[in-house]
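Novice: upload-v7.cif (mmCIF, C-alpha atoms) pasted underneath:
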data_protein
#
loop_
_atom_site.group_PDB
_atom_site.id
_atom_site.type_symbol
_atom_site.label_atom_id
_atom_site.label_comp_id
_atom_site.auth_asym_id
_atom_site.auth_seq_id
_atom_site.Cartn_x
_atom_site.Cartn_y
_atom_site.Cartn_z
ATOM 1 C CA MET A 173 18.259 -8.078 11.177
ATOM 2 C CA LYS A 174 17.594 -10.017 14.359
ATOM 3 C CA ALA A 175 14.760 -10.794 16.763
ATOM 4 C CA HIS A 176 14.877 -12.010 20.349
ATOM 5 C CA GLY A 177 12.106 -12.824 22.791
ATOM 6 C CA PHE A 178 10.014 -15.383 24.593
ATOM 7 C CA VAL A 179 7.631 -17.747 22.815
ATOM 8 C CA HIS A 180 3.845 -17.790 22.732
ATOM 9 C CA LYS A 181 2.923 -21.105 21.118
ATOM 10 C CA TYR A 182 -0.230 -22.147 19.292
ATOM 11 C CA GLY A 183 -1.343 -25.110 17.197
ATOM 12 C CA ASP A 184 -2.504 -25.769 13.649
ATOM 13 C CA ASN A 185 -5.097 -23.830 11.644
ATOM 14 C CA VAL A 186 -5.113 -20.665 13.737
ATOM 15 C CA ASP A 187 -7.384 -18.525 11.599
ATOM 16 C CA THR A 188 -7.659 -14.775 11.261
ATOM 17 C CA ASP A 189 -10.922 -14.758 13.267
ATOM 18 C CA VAL A 190 -9.025 -16.220 16.216
ATOM 19 C CA ILE A 191 -6.096 -13.839 15.785
ATOM 20 C CA ILE A 192 -8.441 -10.814 15.807
ATOM 21 C CA PRO A 193 -12.126 -11.625 16.275
ATOM 22 C CA ALA A 194 -14.454 -10.007 13.725
ATOM 23 C CA ARG A 195 -16.388 -8.216 16.494
ATOM 24 C CA HIS A 196 -13.346 -5.948 16.955
ATOM 25 C CA LEU A 197 -12.917 -4.930 13.318
ATOM 26 C CA ASN A 198 -14.856 -1.700 13.706
ATOM 27 C CA THR A 199 -11.653 0.248 14.440
ATOM 28 C CA ALA A 200 -8.632 1.241 12.408
ATOM 29 C CA ASN A 201 -6.663 1.919 15.602
ATOM 30 C CA HIS A 202 -3.781 -0.549 15.674
ATOM 31 C CA LYS A 203 -3.378 -0.409 19.475
ATOM 32 C CA GLU A 204 -7.076 -1.198 19.890
ATOM 33 C CA LEU A 205 -6.749 -4.182 17.532
ATOM 34 C CA ALA A 206 -3.692 -5.406 19.481
ATOM 35 C CA SER A 207 -5.621 -5.214 22.745
ATOM 36 C CA HIS A 208 -7.870 -8.008 21.423
ATOM 37 C CA CYS A 209 -5.209 -10.112 19.704
ATOM 38 C CA MET A 210 -5.619 -13.867 20.317
ATOM 39 C CA GLU A 211 -8.281 -13.289 22.988
ATOM 40 C CA ASP A 212 -10.524 -16.153 21.828
ATOM 41 C CA ILE A 213 -7.706 -18.711 21.976
ATOM 42 C CA ASP A 214 -5.538 -17.214 24.753
ATOM 43 C CA ALA A 215 -7.330 -14.690 26.965
ATOM 44 C CA GLU A 216 -4.071 -13.814 28.760
ATOM 45 C CA PHE A 217 -1.980 -13.223 25.626
ATOM 46 C CA VAL A 218 -2.282 -9.423 25.757
ATOM 47 C CA ASN A 219 -1.206 -9.430 29.415
ATOM 48 C CA LYS A 220 1.749 -11.767 28.840
ATOM 49 C CA VAL A 221 3.211 -10.528 25.541
ATOM 50 C CA LYS A 222 6.234 -8.224 25.670
ATOM 51 C CA ASP A 223 7.883 -6.242 22.894
ATOM 52 C CA GLY A 224 10.141 -8.542 20.894
ATOM 53 C CA ASP A 225 8.378 -11.773 21.820
ATOM 54 C CA ILE A 226 7.947 -14.485 19.218
ATOM 55 C CA MET A 227 4.863 -16.440 18.192
ATOM 56 C CA VAL A 228 5.243 -20.087 17.149
ATOM 57 C CA ALA A 229 2.479 -22.117 15.523
ATOM 58 C CA GLY A 230 1.796 -25.213 13.467
ATOM 59 C CA PHE A 231 0.391 -25.698 9.982
ATOM 60 C CA ASN A 232 -1.749 -23.190 8.062
ATOM 61 C CA PHE A 233 -1.306 -20.220 10.402
ATOM 62 C CA GLY A 234 -3.444 -17.244 9.374
ATOM 63 C CA CYS A 235 -6.012 -19.162 7.350
ATOM 64 C CA GLY A 236 -9.434 -17.622 6.879
ATOM 65 C CA SER A 237 -10.189 -14.142 5.639
ATOM 66 C CA SER A 238 -7.787 -11.929 3.749
ATOM 67 C CA ARG A 239 -7.983 -8.996 6.167
ATOM 68 C CA GLU A 240 -4.745 -7.259 7.120
ATOM 69 C CA HIS A 241 -6.086 -6.707 10.637
ATOM 70 C CA ALA A 242 -4.676 -10.069 11.792
ATOM 71 C CA PRO A 243 -0.966 -9.426 11.121
ATOM 72 C CA ILE A 244 -1.421 -5.802 12.240
ATOM 73 C CA ALA A 245 -2.822 -6.961 15.595
ATOM 74 C CA ILE A 246 0.054 -9.428 16.044
ATOM 75 C CA LYS A 247 2.735 -6.886 15.158
ATOM 76 C CA GLU A 248 1.190 -4.108 17.238
ATOM 77 C CA SER A 249 0.959 -6.445 20.241
ATOM 78 C CA GLY A 250 4.774 -6.546 20.288
ATOM 79 C CA ILE A 251 5.474 -9.809 18.453
ATOM 80 C CA SER A 252 8.701 -9.463 16.449
ATOM 81 C CA CYS A 253 8.333 -12.650 14.392
ATOM 82 C CA VAL A 254 5.935 -15.524 13.783
ATOM 83 C CA ILE A 255 7.439 -18.956 13.139
ATOM 84 C CA ALA A 256 5.094 -21.624 11.785
ATOM 85 C CA LYS A 257 5.212 -24.875 9.858
ATOM 86 C CA THR A 258 3.207 -23.195 7.077
ATOM 87 C CA PHE A 259 1.250 -19.992 6.574
ATOM 88 C CA ALA A 260 -1.887 -19.305 4.614
ATOM 89 C CA ARG A 261 -0.574 -17.532 1.503
ATOM 90 C CA ILE A 262 -2.628 -14.328 1.842
ATOM 91 C CA PHE A 263 -1.621 -14.024 5.515
ATOM 92 C CA TYR A 264 2.015 -14.500 4.493
ATOM 93 C CA ARG A 265 1.814 -11.691 1.945
ATOM 94 C CA ASN A 266 -0.174 -9.393 4.250
ATOM 95 C CA SER A 267 2.424 -9.920 6.971
ATOM 96 C CA ILE A 268 5.285 -8.914 4.695
ATOM 97 C CA ASN A 269 3.268 -5.940 3.400
ATOM 98 C CA ILE A 270 2.814 -4.542 6.910
ATOM 99 C CA GLY A 271 6.372 -5.382 7.997
ATOM 100 C CA LEU A 272 5.746 -8.397 10.252
ATOM 101 C CA ALA A 273 8.591 -10.911 10.016
ATOM 102 C CA ILE A 274 7.430 -14.508 9.485
ATOM 103 C CA LEU A 275 9.429 -17.689 8.956
ATOM 104 C CA GLU A 276 8.446 -21.198 7.969
ATOM 105 C CA CYS A 277 10.398 -23.874 9.838
ATOM 106 C CA GLU A 278 8.705 -27.154 10.702
ATOM 107 C CA GLU A 279 11.535 -28.379 12.938
ATOM 108 C CA ALA A 280 11.501 -25.205 15.048
ATOM 109 C CA SER A 281 7.715 -25.294 15.283
ATOM 110 C CA ASP A 282 7.810 -28.891 16.534
ATOM 111 C CA ASP A 283 10.623 -28.425 19.056
ATOM 112 C CA ILE A 284 10.136 -24.940 20.518
ATOM 113 C CA ASP A 285 7.850 -24.795 23.556
ATOM 114 C CA ASP A 286 5.713 -22.038 25.025
ATOM 115 C CA GLY A 287 7.905 -19.786 27.162
ATOM 116 C CA ASP A 288 11.219 -20.749 25.515
ATOM 117 C CA GLU A 289 13.668 -17.928 24.859
ATOM 118 C CA VAL A 290 14.452 -17.687 21.152
ATOM 119 C CA SER A 291 16.620 -15.530 18.903
ATOM 120 C CA ILE A 292 16.404 -15.268 15.129
ATOM 121 C CA ASP A 293 18.970 -14.096 12.602
ATOM 122 C CA PHE A 294 16.996 -13.113 9.518
ATOM 123 C CA ASP A 295 20.140 -12.830 7.377
ATOM 124 C CA SER A 296 21.048 -16.494 7.845
ATOM 125 C CA GLY A 297 17.607 -17.890 8.723
ATOM 126 C CA ILE A 298 19.034 -19.435 11.891
ATOM 127 C CA ILE A 299 16.597 -19.775 14.772
ATOM 128 C CA THR A 300 18.247 -20.403 18.134
ATOM 129 C CA ASN A 301 16.339 -21.816 21.065
ATOM 130 C CA LEU A 302 18.371 -20.404 23.947
ATOM 131 C CA THR A 303 16.355 -22.382 26.500
ATOM 132 C CA LYS A 304 17.229 -25.740 24.906
ATOM 133 C CA ASN A 305 20.553 -24.683 23.344
ATOM 134 C CA LYS A 306 19.388 -25.856 19.898
ATOM 135 C CA THR A 307 19.389 -24.289 16.456
ATOM 136 C CA TYR A 308 17.087 -24.705 13.477
ATOM 137 C CA GLN A 309 17.549 -23.607 9.885
ATOM 138 C CA GLY A 310 14.722 -21.502 8.511
ATOM 139 C CA GLU A 311 14.688 -19.999 5.033
ATOM 140 C CA PRO A 312 16.380 -16.582 5.128
ATOM 141 C CA PHE A 313 14.515 -13.671 3.598
ATOM 142 C CA PRO A 314 15.499 -12.460 0.157
ATOM 143 C CA GLU A 315 16.963 -8.946 0.224
ATOM 144 C CA PHE A 316 13.792 -7.248 -1.030
ATOM 145 C CA ILE A 317 11.687 -8.788 1.769
ATOM 146 C CA LYS A 318 14.302 -7.859 4.391
ATOM 147 C CA GLU A 319 14.106 -4.311 3.069
ATOM 148 C CA ILE A 320 10.292 -4.235 3.325
ATOM 149 C CA ILE A 321 10.381 -5.524 6.908
ATOM 150 C CA HIS A 322 13.234 -3.169 7.844
ATOM 151 C CA LYS A 323 11.248 -0.192 6.473
ATOM 152 C CA ASN A 324 8.176 -1.280 8.459
ATOM 153 C CA GLY A 325 6.091 -2.372 5.487
ATOM 154 C CA LEU A 326 5.686 -2.225 1.729
ATOM 155 C CA LEU A 327 4.203 1.271 1.558
ATOM 156 C CA ASN A 328 7.020 2.760 3.631
ATOM 157 C CA SER A 329 9.558 0.894 1.527
ATOM 158 C CA LEU A 330 8.079 2.280 -1.679
ATOM 159 C CA LYS A 331 7.883 5.824 -0.286
ATOM 160 C CA GLU A 332 11.528 5.745 0.771
ATOM 161 C CA SER A 333 12.629 4.364 -2.585
ATOM 162 C CA GLY A 334 10.681 7.022 -4.501
ATOM 163 C CA LYS A 335 8.500 4.389 -6.229
ATOM 164 C CA ASN A 336 5.192 5.584 -4.832
#
Can you turn what I pasted into C-alpha coordinates?

Specialist:
Amino acid sequence: MKAHGFVHKYGDNVDTDVIIPARHLNTANHKELASHCMEDIDAEFVNKVKDGDIMVAGFNFGCGSSREHAPIAIKESGISCVIAKTFARIFYRNSINIGLAILECEEASDDIDDGDEVSIDFDSGIITNLTKNKTYQGEPFPEFIKEIIHKNGLLNSLKESGKN
(Lines of atoms letter the chains of each structure in order from A and count residues from 1; the text may use other names and numbers.)
(Lines give C-alpha, C1' and ligand atoms only; values in the text may rest on other atoms or scores of the structure.)
Protein backbone atom coordinates (compact mmCIF):
# COMPACT_ATOMS: atom_id res chain seq x y z
CA MET A 1 0.00 0.00 0.00
CA LYS A 2 1.29 3.43 -0.95
CA ALA A 3 0.23 7.07 -0.85
CA HIS A 4 1.52 10.03 -2.83
CA GLY A 5 0.53 13.69 -2.77
CA PHE A 6 1.26 17.23 -1.72
CA VAL A 7 1.36 18.34 1.91
CA HIS A 8 -1.07 20.48 3.87
CA LYS A 9 0.71 21.27 7.13
CA TYR A 10 -0.70 22.24 10.52
CA GLY A 11 0.66 22.65 14.04
CA ASP A 12 0.12 21.10 17.46
CA ASN A 13 -3.20 20.37 19.19
CA VAL A 14 -5.43 20.53 16.13
CA ASP A 15 -8.70 19.44 17.70
CA THR A 16 -11.74 17.79 16.20
CA ASP A 17 -13.71 21.07 16.39
CA VAL A 18 -11.13 22.66 14.10
CA ILE A 19 -11.07 19.67 11.75
CA ILE A 20 -14.88 19.77 11.38
CA PRO A 21 -16.62 22.56 13.29
CA ALA A 22 -19.56 21.43 15.44
CA ARG A 23 -21.95 23.74 13.55
CA HIS A 24 -21.65 21.36 10.57
CA LEU A 25 -22.44 18.13 12.42
CA ASN A 26 -26.11 18.17 11.49
CA THR A 27 -25.44 16.03 8.40
CA ALA A 28 -24.40 12.44 7.83
CA ASN A 29 -23.38 13.27 4.25
CA HIS A 30 -19.63 12.69 4.01
CA LYS A 31 -19.17 15.07 1.05
CA GLU A 32 -20.94 17.82 2.99
CA LEU A 33 -18.66 17.23 5.99
CA ALA A 34 -15.60 17.35 3.71
CA SER A 35 -16.73 20.67 2.26
CA HIS A 36 -16.18 22.21 5.72
CA CYS A 37 -13.00 20.35 6.66
CA MET A 38 -10.38 22.59 8.32
CA GLU A 39 -12.32 25.76 7.46
CA ASP A 40 -11.71 27.43 10.84
CA ILE A 41 -7.93 26.99 10.61
CA ASP A 42 -7.43 27.06 6.82
CA ALA A 43 -10.33 28.59 4.88
CA GLU A 44 -8.73 27.61 1.55
CA PHE A 45 -8.07 23.95 2.43
CA VAL A 46 -11.13 22.63 0.58
CA ASN A 47 -10.14 24.58 -2.54
CA LYS A 48 -6.50 23.45 -2.43
CA VAL A 49 -6.75 19.77 -1.45
CA LYS A 50 -6.52 17.16 -4.20
CA ASP A 51 -7.18 13.43 -4.05
CA GLY A 52 -4.13 11.69 -2.60
CA ASP A 53 -2.76 14.71 -0.76
CA ILE A 54 -1.19 14.27 2.66
CA MET A 55 -1.80 16.14 5.90
CA VAL A 56 1.12 16.72 8.28
CA ALA A 57 0.74 18.02 11.82
CA GLY A 58 2.47 18.27 15.17
CA PHE A 59 1.64 16.83 18.58
CA ASN A 60 -1.80 15.66 19.74
CA PHE A 61 -3.57 15.81 16.38
CA GLY A 62 -7.29 15.07 16.67
CA CYS A 63 -7.67 15.93 20.35
CA GLY A 64 -11.09 16.93 21.61
CA SER A 65 -14.31 15.03 21.12
CA SER A 66 -14.58 11.40 20.15
CA ARG A 67 -16.73 11.98 17.06
CA GLU A 68 -15.87 10.05 13.90
CA HIS A 69 -16.88 13.06 11.81
CA ALA A 70 -13.32 14.47 11.97
CA PRO A 71 -11.46 11.59 10.28
CA ILE A 72 -14.40 11.12 7.90
CA ALA A 73 -14.17 14.77 6.80
CA ILE A 74 -10.40 14.46 6.29
CA LYS A 75 -10.65 11.23 4.31
CA GLU A 76 -13.59 12.42 2.21
CA SER A 77 -11.73 15.64 1.37
CA GLY A 78 -9.17 13.52 -0.51
CA ILE A 79 -6.40 13.19 2.08
CA SER A 80 -4.73 9.78 1.72
CA CYS A 81 -2.72 9.89 4.96
CA VAL A 82 -2.15 12.05 8.02
CA ILE A 83 1.37 12.17 9.45
CA ALA A 84 1.76 13.68 12.92
CA LYS A 85 4.14 13.62 15.85
CA THR A 86 1.34 12.12 17.98
CA PHE A 87 -2.39 11.55 17.70
CA ALA A 88 -5.10 11.70 20.30
CA ARG A 89 -5.84 8.01 20.96
CA ILE A 90 -9.57 8.09 20.13
CA PHE A 91 -8.85 9.96 16.88
CA TYR A 92 -6.22 7.35 16.03
CA ARG A 93 -8.68 4.50 16.53
CA ASN A 94 -11.52 6.30 14.73
CA SER A 95 -9.22 6.94 11.78
CA ILE A 96 -8.31 3.27 11.46
CA ASN A 97 -11.97 2.28 11.89
CA ILE A 98 -13.04 4.42 8.93
CA GLY A 99 -10.01 3.48 6.81
CA LEU A 100 -7.95 6.69 7.04
CA ALA A 101 -4.22 5.94 7.05
CA ILE A 102 -2.30 7.74 9.81
CA LEU A 103 1.37 7.55 10.79
CA GLU A 104 3.30 8.89 13.74
CA CYS A 105 6.75 10.20 12.79
CA GLU A 106 8.20 13.16 14.66
CA GLU A 107 11.14 13.61 12.29
CA ALA A 108 8.89 13.78 9.22
CA SER A 109 6.52 16.17 10.98
CA ASP A 110 9.40 18.50 11.85
CA ASP A 111 11.08 18.45 8.44
CA ILE A 112 8.24 18.30 5.89
CA ASP A 113 6.89 21.69 4.81
CA ASP A 114 3.54 22.80 3.45
CA GLY A 115 3.43 22.09 -0.28
CA ASP A 116 6.18 19.43 -0.28
CA GLU A 117 5.58 16.38 -2.45
CA VAL A 118 5.60 13.22 -0.34
CA SER A 119 5.20 9.49 -0.91
CA ILE A 120 4.56 6.85 1.73
CA ASP A 121 5.13 3.11 1.66
CA PHE A 122 2.86 1.67 4.33
CA ASP A 123 4.51 -1.76 4.14
CA SER A 124 7.91 -0.42 5.19
CA GLY A 125 6.80 2.76 6.98
CA ILE A 126 9.15 4.81 4.81
CA ILE A 127 8.06 8.38 4.15
CA THR A 128 9.88 10.05 1.27
CA ASN A 129 9.95 13.80 0.85
CA LEU A 130 10.43 14.07 -2.91
CA THR A 131 10.82 17.85 -2.72
CA LYS A 132 13.80 17.63 -0.34
CA ASN A 133 15.03 14.18 -1.42
CA LYS A 134 14.89 12.92 2.19
CA THR A 135 13.43 9.85 3.84
CA TYR A 136 12.01 9.26 7.30
CA GLN A 137 11.19 6.01 9.06
CA GLY A 138 7.65 5.79 10.38
CA GLU A 139 6.21 2.74 12.11
CA PRO A 140 4.73 0.40 9.48
CA PHE A 141 1.19 -0.82 10.03
CA PRO A 142 0.64 -4.31 11.37
CA GLU A 143 -1.07 -6.58 8.83
CA PHE A 144 -4.51 -6.35 10.44
CA ILE A 145 -4.48 -2.52 10.28
CA LYS A 146 -3.28 -2.58 6.66
CA GLU A 147 -6.20 -4.88 5.91
CA ILE A 148 -8.71 -2.54 7.59
CA ILE A 149 -7.39 0.47 5.66
CA HIS A 150 -7.24 -1.50 2.39
CA LYS A 151 -10.89 -2.57 2.86
CA ASN A 152 -11.90 1.05 3.53
CA GLY A 153 -12.67 0.62 7.22
CA LEU A 154 -13.35 -1.85 10.00
CA LEU A 155 -16.97 -2.58 9.11
CA ASN A 156 -16.10 -3.37 5.49
CA SER A 157 -13.21 -5.52 6.65
CA LEU A 158 -15.48 -7.50 8.96
CA LYS A 159 -18.17 -7.90 6.30
CA GLU A 160 -15.66 -9.22 3.77
CA SER A 161 -14.18 -11.63 6.29
CA GLY A 162 -17.60 -12.97 7.28
CA LYS A 163 -17.17 -11.82 10.91
CA ASN A 164 -20.10 -9.44 10.97

Novice: Which residues, named as in the file, does the PyMOL selection byres ((chain A and resi 326) around 10) pick out? Answer as a VMD selection string.

Specialist: chain A and resid 266 to 271 316 to 317 319 to 325 327 to 332

Novice: Expand the PyMOL selection byres ((chain A and resi 257-259) around 12) into the individual residues it matches in the shown file, reporting them as a PyMOL selection string.

Specialist: chain A and resi 182-188+227-236+243+254-256+260-268+274-284+310-311

Novice: So that I can see what lies close to A:Thr307, please list as a list in words the residues with an atom at most 9 Å from it, counting all atoms listed in the file and leaving out residues fewer than 4 positions away in the same chain.

Specialist: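 Listing them by chain and then by number gives Ala280, Ile298, Ile299, Thr300, Asn301 and Leu302 of chain A.
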
Novice: Using 3 Å of padding on each side, determine the axis-aligned box around all atoms of stretch 315-329 of chain A present in the file and give its centre and edge lengths in Å to one decimal, as JSON.

Specialist:
{"center_x": 10.6, "center_y": -3.1, "center_z": 3.7, "size_x": 18.8, "size_y": 17.7, "size_z": 15.5}

Novice: Using only C-alpha atoms for the distances, tell me which of A:Ile292, A:Ile251, A:Leu205, A:Leu197 is nearest to A:Lys222.

Specialist: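 Of A:Ile292, A:Ile251, A:Leu205, A:Leu197, the one nearest A:Lys222, counting only C-alpha atoms, is A:Ile251.
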
Novice: Since I can't run it myself right now, could you work out what the PyMOL selection byres ((chain A and resi 248) around 7) selects here and report it as a PyMOL selection string?

Specialist: chain A and resi 202-203+206+244-247+249-250

Novice: Please indicate the distance in Å from atom CA of A:Gly224 to atom CA of A:His241, rounded to one decimal place.

Specialist: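 According to the coordinates, atom CA of A:Gly224 and atom CA of A:His241 are separated by 19.3 Å.
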
Novice: Using only C-alpha atoms, pick whichever of A:Asp225, A:Ser238, A:Tyr308, A:Asn198 has the shortest atom-to-atom distance to A:Cys253.

Specialist: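 Selected residue with least distance to A:Cys253: A:Asp225.
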
Novice: Find the distance between atom CA of A:Arg239 and atom CA of A:Val218 and write it in Å to one decimal.

Specialist: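 One can read the atom CA of A:Arg239 to atom CA of A:Val218 distance as 20.4 Å.
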
Novice: Tell me which residues come within 6 Å of (8.4, -20.3, 23.0), as a ChimeraX atom specification, counting all atoms listed in the file in the file's coordinates.

Specialist: /A:178-181,284-288

Novice: Using atom CA of A:Thr199 and atom CA of A:Ala175 as the two end points, give the distance in Å to one decimal.

Specialist: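 Taking atom CA of A:Thr199 and atom CA of A:Ala175, their separation equals 28.7 Å.
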
Novice: Show which residues sit within 7 Å of A:Lys174, as an mmCIF file with C-alpha atoms, in the coordinates of the input. Count only C-alpha atoms, and ignore same-chain residues fewer than 2 positions away.

Specialist:
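Once everything was written out, this is result.cif:
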data_model
loop_
_atom_site.group_PDB
_atom_site.id
_atom_site.type_symbol
_atom_site.label_atom_id
_atom_site.label_comp_id
_atom_site.auth_asym_id
_atom_site.auth_seq_id
_atom_site.Cartn_x
_atom_site.Cartn_y
_atom_site.Cartn_z
ATOM 1 C CA HIS A 176 14.877 -12.010 20.349
ATOM 2 C CA ILE A 292 16.404 -15.268 15.129
ATOM 3 C CA ASP A 293 18.970 -14.096 12.602
ATOM 4 C CA PHE A 294 16.996 -13.113 9.518
#

Novice: Would you mind telling me which residue in A:Val221, A:Ile213, A:Ala242, A:Ile226 lies nearest to A:His196 when using all atoms listed in the file?

Specialist: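 Of the candidates, the smallest distance to A:His196 is held by A:Ala242.
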
Novice: Would you mind telling me which residue in A:Ala273, A:Glu240, A:Glu315, A:Ser296 lies nearest to A:Ala200 when using all atoms listed in the file?

Specialist: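 Selected residue with least distance to A:Ala200: A:Glu240.
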
Novice: Between A:Thr303, A:Ala194, A:Val290, A:Asp295, which has the minimum distance to A:Cys209 (counting all atoms listed in the file)?

Specialist: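 The answer is A:Ala194, which sits nearest to A:Cys209.
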
Novice: Which is closer to A:Ser237 than all the others in A:Lys220, A:Val190, A:Gly297, A:Pro312, using only C-alpha atoms?

Specialist: A:Val190
